[in-house]
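Enquirer: Structure file query07.txt (compact mmCIF, C-alpha atoms and all ligand atoms) right here:
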```
# COMPACT_ATOMS: atom_id res chain seq x y z
CA MET A 1 225.94 86.88 -12.23
CA ASN A 2 227.66 83.53 -12.78
CA ILE A 3 224.46 81.51 -13.19
CA ALA A 4 224.19 80.49 -16.87
CA HIS A 5 221.09 82.05 -18.39
CA ASP A 6 219.33 83.54 -21.36
CA VAL A 7 216.26 85.42 -20.18
CA LYS A 8 214.55 88.61 -21.29
CA ASP A 9 215.38 91.02 -18.45
CA LEU A 10 216.87 90.25 -15.04
CA SER A 11 215.37 93.42 -13.57
CA LEU A 12 211.99 91.64 -13.66
CA ALA A 13 213.21 89.23 -10.96
CA PRO A 14 211.64 90.86 -7.86
CA ALA A 15 208.19 90.88 -9.53
CA GLY A 16 208.70 87.26 -10.57
CA ARG A 17 209.61 86.26 -7.02
CA LEU A 18 206.42 87.82 -5.65
CA ARG A 19 204.31 85.94 -8.19
CA ILE A 20 206.15 82.66 -7.49
CA GLU A 21 205.45 83.15 -3.76
CA TRP A 22 201.80 83.93 -4.53
CA ALA A 23 201.47 80.66 -6.48
CA ASP A 24 203.20 78.80 -3.66
CA ARG A 25 200.34 79.66 -1.31
CA ALA A 26 198.11 77.44 -3.49
CA MET A 27 200.65 74.59 -3.67
CA PRO A 28 200.57 73.01 -0.20
CA VAL A 29 201.36 69.47 -1.35
CA LEU A 30 204.47 70.54 -3.24
CA ARG A 31 205.45 72.68 -0.25
CA GLN A 32 205.30 69.72 2.10
CA ILE A 33 207.44 67.72 -0.29
CA ARG A 34 209.87 70.65 -0.45
CA ASP A 35 210.11 70.78 3.36
CA ARG A 36 210.84 67.06 3.51
CA PHE A 37 213.31 67.30 0.63
CA ALA A 38 215.14 70.09 2.47
CA GLN A 39 215.63 67.73 5.44
CA GLU A 40 216.37 64.50 3.61
CA LYS A 41 218.11 65.71 0.42
CA PRO A 42 216.96 62.73 -1.69
CA LEU A 43 218.23 64.39 -4.89
CA ARG A 44 221.64 65.36 -3.52
CA GLY A 45 224.02 66.17 -6.37
CA ILE A 46 221.63 64.93 -9.07
CA ARG A 47 221.72 67.04 -12.24
CA ILE A 48 218.22 67.62 -13.61
CA ALA A 49 217.47 69.38 -16.92
CA ALA A 50 213.83 70.41 -17.10
CA CYS A 51 212.09 71.50 -20.31
CA LEU A 52 208.82 72.94 -18.98
CA HIS A 53 206.56 75.94 -19.40
CA VAL A 54 208.42 78.54 -17.34
CA THR A 55 205.62 79.73 -15.09
CA THR A 56 205.23 80.59 -11.41
CA GLU A 57 204.26 76.98 -10.72
CA THR A 58 207.36 75.68 -12.47
CA GLY A 59 209.31 78.15 -10.33
CA ASN A 60 208.04 76.34 -7.25
CA LEU A 61 208.90 72.96 -8.71
CA MET A 62 212.46 74.16 -9.36
CA ARG A 63 212.69 75.39 -5.76
CA THR A 64 211.58 71.95 -4.61
CA LEU A 65 214.17 70.11 -6.69
CA VAL A 66 216.90 72.45 -5.45
CA ALA A 67 215.72 71.98 -1.83
CA GLY A 68 216.13 68.25 -2.41
CA GLY A 69 219.78 68.79 -3.31
CA ALA A 70 219.44 68.71 -7.12
CA GLU A 71 221.37 70.89 -9.53
CA ALA A 72 218.40 71.92 -11.66
CA THR A 73 218.47 73.73 -15.01
CA VAL A 74 215.35 74.80 -16.89
CA CYS A 75 214.47 75.76 -20.45
CA ALA A 76 211.13 76.56 -22.09
CA SER A 77 208.99 73.76 -23.54
CA ASN A 78 207.12 76.20 -25.80
CA PRO A 79 208.27 79.43 -27.48
CA LEU A 80 205.27 81.43 -26.24
CA SER A 81 204.59 80.14 -22.71
CA THR A 82 207.44 81.71 -20.73
CA GLN A 83 206.65 84.24 -18.01
CA ASP A 84 209.68 86.52 -18.33
CA ASP A 85 209.56 87.73 -14.72
CA VAL A 86 209.62 84.13 -13.49
CA ALA A 87 212.57 83.30 -15.75
CA ALA A 88 214.43 86.30 -14.31
CA ALA A 89 213.58 85.35 -10.72
CA LEU A 90 214.72 81.78 -11.24
CA VAL A 91 218.15 83.10 -12.19
CA SER A 92 218.68 85.96 -9.76
CA GLU A 93 216.51 85.01 -6.79
CA TYR A 94 216.83 81.22 -6.80
CA GLY A 95 220.12 80.59 -8.64
CA VAL A 96 218.60 78.24 -11.24
CA PRO A 97 220.23 78.32 -14.71
CA THR A 98 217.34 79.30 -17.00
CA PHE A 99 216.98 79.55 -20.78
CA ALA A 100 213.59 80.93 -21.75
CA ILE A 101 212.24 84.09 -23.38
CA LYS A 102 208.58 84.64 -24.25
CA GLY A 103 208.23 84.88 -28.03
CA GLU A 104 211.61 83.26 -28.78
CA ASP A 105 212.01 82.11 -32.37
CA HIS A 106 212.46 78.53 -33.53
CA GLU A 107 216.25 78.74 -33.56
CA THR A 108 216.41 80.25 -30.06
CA TYR A 109 213.99 77.63 -28.74
CA TYR A 110 216.32 74.81 -29.82
CA ARG A 111 219.43 76.73 -28.72
CA HIS A 112 217.84 76.90 -25.25
CA LEU A 113 217.24 73.15 -25.21
CA SER A 114 220.89 72.60 -26.17
CA ALA A 115 221.99 74.98 -23.42
CA ALA A 116 220.00 73.04 -20.82
CA LEU A 117 221.64 69.82 -21.98
CA GLU A 118 225.07 71.37 -21.40
CA SER A 119 224.39 70.65 -17.71
CA HIS A 120 224.92 66.96 -18.59
CA PRO A 121 221.71 65.87 -16.85
CA GLN A 122 221.18 62.62 -15.00
CA ILE A 123 217.43 63.17 -15.17
CA THR A 124 215.56 64.82 -18.06
CA MET A 125 212.16 66.33 -17.27
CA ASP A 126 210.02 66.98 -20.33
CA ASP A 127 206.71 68.54 -21.23
CA GLY A 128 206.20 67.30 -24.79
CA ALA A 129 209.34 65.12 -25.13
CA ASP A 130 211.47 67.67 -27.03
CA LEU A 131 214.43 67.36 -24.65
CA VAL A 132 214.55 63.58 -24.72
CA THR A 133 214.19 63.69 -28.52
CA MET A 134 217.21 65.98 -28.72
CA VAL A 135 219.21 63.63 -26.45
CA PHE A 136 218.37 60.59 -28.59
CA SER A 137 218.92 62.34 -31.92
CA LYS A 138 221.77 64.81 -31.34
CA ARG A 139 223.33 64.23 -27.91
CA GLN A 140 223.69 60.48 -27.59
CA ASP A 141 227.01 61.12 -25.83
CA LEU A 142 224.93 62.17 -22.78
CA ILE A 143 222.97 58.92 -22.53
CA PRO A 144 225.41 56.94 -20.33
CA ASP A 145 224.99 59.50 -17.51
CA VAL A 146 221.18 59.65 -17.64
CA ILE A 147 219.37 57.48 -15.09
CA GLY A 148 215.89 58.34 -16.39
CA GLY A 149 213.40 60.96 -17.37
CA THR A 150 209.91 62.19 -16.60
CA GLU A 151 207.16 63.36 -18.94
CA GLU A 152 204.41 65.81 -18.06
CA THR A 153 201.93 65.70 -20.90
CA THR A 154 199.74 63.38 -23.00
CA THR A 155 201.45 64.32 -26.28
CA GLY A 156 204.88 63.59 -24.80
CA VAL A 157 203.77 60.22 -23.42
CA ILE A 158 202.43 59.28 -26.86
CA ARG A 159 205.79 60.21 -28.46
CA LEU A 160 207.71 58.28 -25.82
CA LYS A 161 205.55 55.17 -26.19
CA SER A 162 206.23 55.34 -29.92
CA MET A 163 209.98 55.52 -29.13
CA GLU A 164 209.57 52.48 -26.85
CA ALA A 165 207.71 50.56 -29.57
CA ASN A 166 210.40 51.45 -32.11
CA GLY A 167 213.21 50.38 -29.80
CA VAL A 168 214.80 53.83 -29.59
CA LEU A 169 214.03 54.63 -25.94
CA LYS A 170 217.43 54.57 -24.27
CA TYR A 171 216.48 55.10 -20.63
CA PRO A 172 213.40 54.65 -18.41
CA ILE A 173 210.73 57.34 -18.33
CA VAL A 174 208.12 58.00 -15.66
CA ALA A 175 204.89 59.14 -17.34
CA VAL A 176 203.75 61.74 -14.81
CA ASN A 177 200.79 62.54 -17.07
CA ASP A 178 199.36 59.08 -16.47
CA ALA A 179 199.07 59.54 -12.70
CA GLN A 180 195.41 59.96 -11.76
CA THR A 181 196.26 62.95 -9.58
CA LYS A 182 197.69 64.53 -12.74
CA HIS A 183 195.45 63.99 -15.74
CA LEU A 184 192.08 63.81 -13.96
CA PHE A 185 192.69 67.25 -12.48
CA ASP A 186 195.35 69.19 -14.45
CA ASN A 187 194.13 68.09 -17.89
CA ARG A 188 190.45 68.46 -17.05
CA TYR A 189 190.07 71.34 -14.59
CA GLY A 190 193.39 73.05 -15.35
CA THR A 191 193.04 73.05 -19.14
CA GLY A 192 189.31 73.67 -18.85
CA GLN A 193 189.65 76.87 -16.87
CA SER A 194 192.89 78.21 -18.36
CA THR A 195 191.84 77.67 -21.98
CA VAL A 196 188.62 79.60 -21.49
CA ASP A 197 190.67 82.18 -19.56
CA GLY A 198 193.11 82.49 -22.49
CA ILE A 199 190.33 82.94 -25.04
CA ILE A 200 188.64 85.58 -22.92
CA ARG A 201 191.85 87.47 -22.09
CA ALA A 202 192.85 87.53 -25.77
CA THR A 203 189.46 88.58 -27.14
CA ASN A 204 187.11 89.70 -24.32
CA ILE A 205 184.28 87.89 -26.13
CA LEU A 206 181.05 86.96 -24.38
CA MET A 207 180.93 83.22 -23.93
CA SER A 208 177.25 83.19 -23.13
CA GLY A 209 175.37 82.12 -26.24
CA ALA A 210 178.54 81.64 -28.34
CA ARG A 211 178.79 78.43 -30.35
CA ILE A 212 182.13 76.90 -29.43
CA VAL A 213 183.63 73.84 -31.09
CA VAL A 214 185.85 71.61 -28.96
CA CYS A 215 187.93 69.27 -31.15
CA GLY A 216 188.98 66.29 -29.04
CA TYR A 217 187.07 64.86 -26.08
CA GLY A 218 189.98 63.58 -24.02
CA TRP A 219 190.44 64.90 -20.47
CA CYS A 220 191.49 68.34 -21.75
CA GLY A 221 188.60 68.62 -24.19
CA ARG A 222 186.14 67.53 -21.52
CA GLY A 223 187.41 70.27 -19.25
CA VAL A 224 187.05 72.96 -21.90
CA ALA A 225 183.56 71.77 -22.86
CA LEU A 226 182.50 71.74 -19.21
CA ARG A 227 183.78 75.22 -18.41
CA ALA A 228 182.53 76.76 -21.67
CA ARG A 229 179.08 75.34 -21.00
CA GLY A 230 179.27 76.70 -17.46
CA LEU A 231 179.65 80.18 -18.97
CA GLY A 232 176.61 79.66 -21.17
CA ALA A 233 178.33 78.72 -24.43
CA ARG A 234 176.63 76.26 -26.78
CA VAL A 235 179.22 73.52 -27.12
CA ILE A 236 179.81 71.28 -30.15
CA VAL A 237 182.22 68.35 -29.74
CA VAL A 238 184.22 66.95 -32.66
CA GLU A 239 185.70 63.46 -32.15
CA VAL A 240 187.13 60.54 -34.12
CA ASP A 241 186.67 57.93 -31.37
CA HIS A 242 183.21 56.35 -31.18
CA ILE A 243 183.22 55.84 -27.41
CA LYS A 244 184.37 59.37 -26.64
CA ALA A 245 181.85 60.78 -29.12
CA LEU A 246 179.10 58.76 -27.44
CA GLU A 247 180.17 60.07 -24.05
CA ALA A 248 180.03 63.62 -25.38
CA VAL A 249 176.50 63.02 -26.69
CA MET A 250 175.37 61.63 -23.35
CA ASP A 251 177.10 64.47 -21.53
CA GLY A 252 174.65 66.65 -23.41
CA TYR A 253 176.78 68.19 -26.18
CA ASP A 254 176.11 68.41 -29.90
CA VAL A 255 178.48 66.09 -31.77
CA MET A 256 179.24 66.47 -35.48
CA PRO A 257 182.13 66.35 -37.97
CA ILE A 258 184.38 69.40 -38.19
CA GLY A 259 183.15 69.99 -41.73
CA GLU A 260 179.64 70.63 -40.37
CA ALA A 261 180.76 72.46 -37.24
CA ALA A 262 182.92 74.81 -39.34
CA LYS A 263 179.80 76.31 -40.94
CA VAL A 264 178.00 77.26 -37.74
CA ALA A 265 180.41 78.02 -34.90
CA ASP A 266 181.87 81.24 -33.51
CA VAL A 267 184.91 79.81 -31.69
CA PHE A 268 187.09 76.76 -32.43
CA VAL A 269 189.51 75.08 -29.99
CA THR A 270 191.66 72.06 -30.82
CA LEU A 271 192.92 69.67 -28.12
CA THR A 272 193.40 66.40 -29.96
CA GLY A 273 197.17 65.76 -29.94
CA ASN A 274 196.90 65.25 -33.71
CA LYS A 275 197.80 67.40 -36.72
CA ASN A 276 195.80 69.38 -39.28
CA VAL A 277 192.52 68.94 -37.43
CA ILE A 278 191.29 72.24 -38.88
CA ARG A 279 192.30 72.60 -42.52
CA LYS A 280 191.77 74.78 -45.58
CA GLU A 281 188.35 73.36 -46.47
CA HIS A 282 187.18 74.17 -42.95
CA TYR A 283 188.55 77.74 -42.98
CA ARG A 284 186.75 78.32 -46.27
CA ALA A 285 183.45 77.22 -44.69
CA MET A 286 183.74 79.36 -41.56
CA LYS A 287 181.59 82.38 -40.80
CA ASP A 288 182.94 85.90 -40.90
CA GLY A 289 184.52 86.66 -37.50
CA ALA A 290 185.24 83.06 -36.49
CA ILE A 291 187.88 82.76 -33.76
CA ILE A 292 190.35 79.85 -34.00
CA CYS A 293 192.76 78.63 -31.37
CA ASN A 294 194.63 75.58 -30.12
CA SER A 295 195.14 74.32 -26.59
CA GLY A 296 196.88 71.07 -27.51
CA HIS A 297 200.62 70.76 -26.95
CA PHE A 298 201.76 71.56 -30.51
CA ASN A 299 200.40 74.17 -32.92
CA VAL A 300 200.27 71.58 -35.72
CA GLU A 301 196.64 70.88 -34.75
CA LEU A 302 195.77 73.86 -36.95
CA ASP A 303 196.92 73.99 -40.56
CA ILE A 304 198.43 77.46 -40.18
CA PRO A 305 200.35 77.41 -43.50
CA GLY A 306 196.99 76.56 -45.10
CA LEU A 307 195.36 79.57 -43.42
CA GLU A 308 198.25 81.80 -44.53
CA SER A 309 197.94 80.62 -48.11
CA LEU A 310 194.18 81.29 -48.17
CA SER A 311 194.52 84.80 -46.82
CA VAL A 312 194.76 87.87 -49.03
CA ALA A 313 195.60 90.24 -46.14
CA GLN A 314 196.65 89.96 -42.51
CA ARG A 315 196.97 92.30 -39.58
CA GLN A 316 197.55 92.11 -35.83
CA ILE A 317 194.37 93.36 -34.18
CA ARG A 318 195.46 93.20 -30.54
CA PRO A 319 197.94 91.05 -28.60
CA PHE A 320 197.42 87.38 -29.50
CA VAL A 321 194.72 88.16 -32.10
CA ARG A 322 195.69 88.03 -35.80
CA GLU A 323 193.19 88.71 -38.53
CA TYR A 324 193.32 86.69 -41.75
CA ARG A 325 191.19 88.14 -44.53
CA LEU A 326 190.11 85.49 -47.05
CA ALA A 327 189.36 85.96 -50.75
CA ASN A 328 185.66 85.42 -49.98
CA GLY A 329 185.79 88.64 -47.93
CA ARG A 330 185.43 86.95 -44.54
CA ALA A 331 187.82 87.64 -41.68
CA LEU A 332 189.07 84.79 -39.45
CA PHE A 333 190.95 85.44 -36.22
CA LEU A 334 193.81 83.18 -35.09
CA LEU A 335 194.74 83.43 -31.42
CA GLY A 336 198.28 83.18 -30.05
CA GLU A 337 199.85 81.97 -33.33
CA GLY A 338 198.06 78.67 -32.74
CA ARG A 339 200.25 77.98 -29.67
CA LEU A 340 198.68 76.71 -26.45
CA ILE A 341 196.23 79.53 -25.86
CA ASN A 342 196.05 78.94 -22.10
CA LEU A 343 199.77 79.66 -21.73
CA ALA A 344 200.18 82.14 -24.57
CA ALA A 345 197.39 84.55 -23.62
CA ALA A 346 196.76 83.56 -20.00
CA GLU A 347 198.96 82.10 -17.23
CA GLY A 348 198.45 78.38 -17.76
CA HIS A 349 196.76 76.17 -15.22
CA PRO A 350 196.21 77.66 -11.79
CA ALA A 351 198.68 76.78 -9.06
CA ALA A 352 196.17 74.75 -7.03
CA VAL A 353 196.01 72.12 -9.75
CA MET A 354 199.70 72.28 -10.77
CA ASP A 355 200.34 71.50 -7.09
CA MET A 356 199.44 67.87 -7.77
CA SER A 357 201.10 67.66 -11.18
CA PHE A 358 204.38 68.95 -9.83
CA ALA A 359 204.15 66.91 -6.64
CA ASN A 360 204.13 63.94 -9.03
CA GLN A 361 207.17 65.37 -10.87
CA ALA A 362 209.16 65.84 -7.66
CA LEU A 363 208.28 62.39 -6.33
CA ALA A 364 208.98 60.83 -9.75
CA CYS A 365 212.53 62.22 -9.55
CA GLU A 366 212.96 60.73 -6.08
CA PHE A 367 211.59 57.41 -7.39
CA LEU A 368 214.07 57.47 -10.30
CA VAL A 369 217.02 58.14 -8.03
CA ARG A 370 216.01 55.20 -5.82
CA ASN A 371 215.01 52.74 -8.54
CA ALA A 372 216.30 53.74 -11.96
CA ARG A 373 219.07 51.18 -12.18
CA SER A 374 216.52 48.38 -11.85
CA LEU A 375 213.94 49.89 -14.22
CA GLU A 376 213.58 48.65 -17.79
CA LYS A 377 214.04 51.16 -20.62
CA ARG A 378 210.29 51.61 -20.92
CA VAL A 379 207.60 54.15 -20.11
CA HIS A 380 206.55 53.52 -16.50
CA GLY A 381 203.57 54.80 -14.52
CA VAL A 382 203.86 56.74 -11.29
CA PRO A 383 203.56 54.16 -8.45
CA ALA A 384 199.93 53.90 -7.27
CA SER A 385 201.05 54.54 -3.68
CA VAL A 386 202.48 57.92 -4.73
CA ASP A 387 199.26 58.81 -6.55
CA GLN A 388 197.14 57.94 -3.48
CA GLU A 389 199.45 59.85 -1.16
CA ILE A 390 199.21 63.00 -3.28
CA ALA A 391 195.40 62.80 -3.23
CA ARG A 392 195.48 62.26 0.54
CA LEU A 393 197.73 65.27 1.10
CA LYS A 394 195.63 67.45 -1.22
CA LEU A 395 192.40 66.58 0.58
CA ALA A 396 194.07 67.18 3.95
CA SER A 397 195.32 70.59 2.76
CA MET A 398 191.70 71.43 1.86
CA GLY A 399 190.54 70.38 5.32
CA ILE A 400 188.43 67.56 3.87
CA GLN A 401 188.08 64.28 5.70
CA ILE A 402 186.84 61.05 4.16
CA ASP A 403 185.65 57.72 5.52
CA ALA A 404 187.60 54.49 5.93
CA MET A 405 186.11 51.04 5.40
CA THR A 406 185.14 49.08 8.50
CA ASP A 407 186.88 45.72 9.05
CA GLU A 408 183.63 44.07 8.04
CA GLN A 409 183.57 46.02 4.78
CA VAL A 410 187.19 45.16 4.00
CA GLU A 411 186.38 41.50 4.49
CA TYR A 412 183.22 41.75 2.39
CA GLN A 413 185.10 43.30 -0.49
CA SER A 414 187.71 40.56 -0.50
CA SER A 415 185.24 37.68 -0.32
CA TRP A 416 183.02 36.19 -3.03
CA GLN A 417 180.78 33.87 -0.98
CA GLU A 418 178.29 36.42 0.28
CA GLY A 419 175.45 37.30 -2.18
CA THR A 420 172.04 38.85 -1.59
N1 LIG A 501 201.04 73.53 -18.16
C1 LIG A 501 199.81 74.06 -18.11
N2 LIG A 501 199.76 75.04 -17.18
C2 LIG A 501 200.98 75.12 -16.63
C3 LIG A 501 201.54 75.94 -15.62
N3 LIG A 501 200.83 76.86 -14.99
N4 LIG A 501 202.83 75.75 -15.31
C4 LIG A 501 203.56 74.81 -15.96
N5 LIG A 501 203.09 74.02 -16.90
C5 LIG A 501 201.81 74.17 -17.25
```
Here is a file; write its structure as structure tokens.
Ligand code: ADE
Expert:
Amino acid sequence: MNIAHDVKDLSLAPAGRLRIEWADRAMPVLRQIRDRFAQEKPLRGIRIAACLHVTTETGNLMRTLVAGGAEATVCASNPLSTQDDVAAALVSEYGVPTFAIKGEDHETYYRHLSAALESHPQITMDDGADLVTMVFSKRQDLIPDVIGGTEETTTGVIRLKSMEANGVLKYPIVAVNDAQTKHLFDNRYGTGQSTVDGIIRATNILMSGARIVVCGYGWCGRGVALRARGLGARVIVVEVDHIKALEAVMDGYDVMPIGEAAKVADVFVTLTGNKNVIRKEHYRAMKDGAIICNSGHFNVELDIPGLESLSVAQRQIRPFVREYRLANGRALFLLGEGRLINLAAAEGHPAAVMDMSFANQALACEFLVRNARSLEKRVHGVPASVDQEIARLKLASMGIQIDAMTDEQVEYQSSWQEGT
């Protein structure tokens, strides 16, 4: 095997291939792009280093980039999200250099990022901005070759905008997250379903009647609140933004500070993009048996060192469920080490929604190859025409037709003279 790699076990590759093909059935938009890429080769010879969750859906994105002529390398964007069979299949079935092992430690995680950068990428593809951060801090020698990067997630876009504001962004970035066909669907319906899926797979709790606290009412939090309510949970929203809090109230949820919610709830989920949202004083107030998890990009949303320091005993109850016994005698249960619970304990967002996210990624790479030299070193949106086209293709793949405006309606909309 002369494909560079560090994966758990290459013998898992055939199983990984079957699961990648299964996911592909639900990714018709990406598939169409892959078919066109195979004909036109818009990424011919372009070196792409991707730092993504290594899942079946990412497997199909890698296939698409390779079909387009790219030399793609992939490493994990989270220590706990890798699907080891997919990582194996990427290496042995699809010839993609892959550096990802589920459960890898901190040192291995960063060694894998470094390994991906050894491909001397012309495009960096991030989910959380760790790769680009490593380029700007430790591998500035690579910058002259890079034409641009893409970013998948809200947290990464926030980091990149901060780099732009601080004058340290050294090449243009396409914020895939900001496409409407990404965040309105992936963040809301993808995170909504897969987070609830992760909590249930880890614990097998009954959602019906449970009091669940959703910290953060962005698109991801809305999705979790919606799906938890759909299963009969009693949802409490915790927010710091007045408008979002008001929306949550009018969407029919209880809204209160975390200090109040801590006393009454059974399950806690953080999706804020911020740090130390649940802290020592909140753990102390929680009921015996409270379940705590995070579905935001980084595990810093939970003060885990604080929880460790409060606990007098710990044990692993079942996979992804760790019990922390507090001095007050109560037991709290942390899921998936506070890592993204939807990817740690479940399989991440379903393929049907990643179809649109990764269609945006593939088309963003094509856009960068065509336009990067003329783009400012800023964070750019996905072109609106690309966003519309992805929605059109998705609807068509679902067999759904929509109306078009009549000429009279087009004219009416562009005129101001006509009133009542
Ligand atoms: N982020 C959330 N779900 C994902 C998935 N299934 N694949 C890749 N990235 C993801």
Enquirer: Dump the neighbourhood of ligand LIG 501 (chain A) as a compact mmCIF listing (two decimals) with C-alpha atoms, in the frame of the given file: all residues within 9 Å, distances computed on only C-alpha atoms and all ligand atoms.
Expert:
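part.txt written:
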```txt
# COMPACT_ATOMS: atom_id res chain seq x y z
CA LEU A 52 208.82 72.94 -18.98
CA HIS A 53 206.56 75.94 -19.40
CA VAL A 54 208.42 78.54 -17.34
CA THR A 55 205.62 79.73 -15.09
CA THR A 56 205.23 80.59 -11.41
CA GLU A 57 204.26 76.98 -10.72
CA THR A 58 207.36 75.68 -12.47
CA GLY A 59 209.31 78.15 -10.33
CA SER A 77 208.99 73.76 -23.54
CA SER A 81 204.59 80.14 -22.71
CA ASP A 127 206.71 68.54 -21.23
CA GLU A 152 204.41 65.81 -18.06
CA THR A 153 201.93 65.70 -20.90
CA ASP A 186 195.35 69.19 -14.45
CA ASN A 187 194.13 68.09 -17.89
CA GLY A 190 193.39 73.05 -15.35
CA THR A 191 193.04 73.05 -19.14
CA SER A 194 192.89 78.21 -18.36
CA LEU A 340 198.68 76.71 -26.45
CA ASN A 342 196.05 78.94 -22.10
CA LEU A 343 199.77 79.66 -21.73
CA GLU A 347 198.96 82.10 -17.23
CA GLY A 348 198.45 78.38 -17.76
CA HIS A 349 196.76 76.17 -15.22
CA PRO A 350 196.21 77.66 -11.79
CA ALA A 351 198.68 76.78 -9.06
CA VAL A 353 196.01 72.12 -9.75
CA MET A 354 199.70 72.28 -10.77
CA SER A 357 201.10 67.66 -11.18
CA PHE A 358 204.38 68.95 -9.83
```
Enquirer: Using all atoms listed in the file, which protein or nucleic acid residues come within 8 Å of Pro42 of chain A? Drop anything in the same chain fewer than 3 positions from it, and give the result as a ChimeraX atom specification.
Expert: /A:37,68-69,366,369
Enquirer: Kindly save the residues from that selection, with C-alpha atoms included, as a CSV table (one decimal), keeping the file's coordinate frame.
Expert:
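Wrote it out as part_16.csv, contents follow:
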```
chain,number,residue,atom,x,y,z
A,37,PHE,CA,213.3,67.3,0.6
A,68,GLY,CA,216.1,68.2,-2.4
A,69,GLY,CA,219.8,68.8,-3.3
A,366,GLU,CA,213.0,60.7,-6.1
A,369,VAL,CA,217.0,58.1,-8.0
```
Enquirer: A:Arg201, A:His297, A:His380, A:Lys394: which is nearest Lys161 of chain A, counting only C-alpha atoms?
Expert: A:His380
Enquirer: Counting all atoms listed in the file, which of A:Val214, A:Ala115, A:Ala331, A:Ala179 gets nearest to Gln388 of chain A?
Expert: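 That would be A:Ala179, the residue with the smallest distance to Gln388 of chain A.
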Enquirer: Between atom CA of Phe333 of chain A and atom CA of Ala248 of chain A, what is the distance, to one decimal in Å?
Expert: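 About the pair atom CA of Phe333 of chain A and atom CA of Ala248 of chain A: they are 26.7 Å apart.
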Enquirer: Leaving out Asp35 of chain A and any residue of its chain fewer than 2 positions from it, which residues lie within 12 Å of it when counting only C-alpha atoms, given as a list in words?
Expert: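 Contacts, with the query itself left out: Pro28, Val29, Leu30, Arg31, Gln32, Ile33, Phe37, Ala38, Gln39, Glu40, Lys41, Pro42, Arg63, Thr64, Leu65, Val66, Ala67, Gly68 and Gly69 of chain A.
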Enquirer: Selection from above, C-alpha atoms, as a compact mmCIF listing (two decimals), in the coordinates of the input, can you write it?
Expert:
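Written out: result32.txt:
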```
# COMPACT_ATOMS: atom_id res chain seq x y z
CA PRO A 28 200.57 73.01 -0.20
CA VAL A 29 201.36 69.47 -1.35
CA LEU A 30 204.47 70.54 -3.24
CA ARG A 31 205.45 72.68 -0.25
CA GLN A 32 205.30 69.72 2.10
CA ILE A 33 207.44 67.72 -0.29
CA PHE A 37 213.31 67.30 0.63
CA ALA A 38 215.14 70.09 2.47
CA GLN A 39 215.63 67.73 5.44
CA GLU A 40 216.37 64.50 3.61
CA LYS A 41 218.11 65.71 0.42
CA PRO A 42 216.96 62.73 -1.69
CA ARG A 63 212.69 75.39 -5.76
CA THR A 64 211.58 71.95 -4.61
CA LEU A 65 214.17 70.11 -6.69
CA VAL A 66 216.90 72.45 -5.45
CA ALA A 67 215.72 71.98 -1.83
CA GLY A 68 216.13 68.25 -2.41
CA GLY A 69 219.78 68.79 -3.31
```
Enquirer: Rank A:Ile292, A:Arg315, A:Pro305, A:Gly45 by their smallest atom-to-atom distance to Gly338 of chain A, using all atoms listed in the file, and report the top residue only.
Expert: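 Under the stated criterion, the closest residue is A:Ile292.
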Enquirer: Which residue out of A:Ala50, A:Ala88, A:Ala362, A:Ala372 has the minimum interatomic distance to Tyr171 of chain A when only C-alpha atoms are used?
Expert: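 When distances to Tyr171 of chain A are compared using only C-alpha atoms, the smallest one comes from A:Ala372.
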Enquirer: Enter the distance from atom CA of Gly252 of chain A to atom CA of Val240 of chain A, in Å, rounded to one decimal.
Expert: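 One can read the atom CA of Gly252 of chain A to atom CA of Val240 of chain A distance as 17.5 Å.
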Enquirer: Can you work out the spacing between atom CA of Asn299 of chain A and atom CA of Met286 of chain A in Å, to one decimal?
Expert: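 Computing it gives 19.5 Å between the two atoms.
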Enquirer: The residues within 7 Å of (184.3, 79.1, -18.1), using all atoms listed in the file and the coordinates of the file, should be reported as a ChimeraX atom specification; which are they?
Expert: /A:193,196,227-228,230-231
Enquirer: Since we have the selection now, will you write its residues out, keeping C-alpha atoms, as a compact mmCIF listing (two decimals), in the frame of the given file?
Expert:
```txt
# COMPACT_ATOMS: atom_id res chain seq x y z
CA GLN A 193 189.65 76.87 -16.87
CA VAL A 196 188.62 79.60 -21.49
CA ARG A 227 183.78 75.22 -18.41
CA ALA A 228 182.53 76.76 -21.67
CA GLY A 230 179.27 76.70 -17.46
CA LEU A 231 179.65 80.18 -18.97
```
Enquirer: I'd like to know which of A:Ala391, A:Val382, A:Ile20, A:Ala346 is closest to Leu368 of chain A, using all atoms listed in the file.
Expert: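 Checking each candidate against Leu368 of chain A, we get A:Val382 as the closest.
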Enquirer: Would you pick out the contacts of Val168 of chain A at 12 Å or less, using all atoms listed in the file, so that residues sharing its chain but fewer than 3 positions from it are not included, and give the list as a compact mmCIF listing (two decimals) with C-alpha atoms, keeping the file's coordinate frame?
Expert:
```txt
# COMPACT_ATOMS: atom_id res chain seq x y z
CA VAL A 132 214.55 63.58 -24.72
CA THR A 133 214.19 63.69 -28.52
CA VAL A 135 219.21 63.63 -26.45
CA PHE A 136 218.37 60.59 -28.59
CA SER A 137 218.92 62.34 -31.92
CA GLN A 140 223.69 60.48 -27.59
CA ILE A 143 222.97 58.92 -22.53
CA ARG A 159 205.79 60.21 -28.46
CA LEU A 160 207.71 58.28 -25.82
CA LYS A 161 205.55 55.17 -26.19
CA SER A 162 206.23 55.34 -29.92
CA MET A 163 209.98 55.52 -29.13
CA GLU A 164 209.57 52.48 -26.85
CA ALA A 165 207.71 50.56 -29.57
CA TYR A 171 216.48 55.10 -20.63
CA PRO A 172 213.40 54.65 -18.41
CA LYS A 377 214.04 51.16 -20.62
CA ARG A 378 210.29 51.61 -20.92
CA VAL A 379 207.60 54.15 -20.11
```
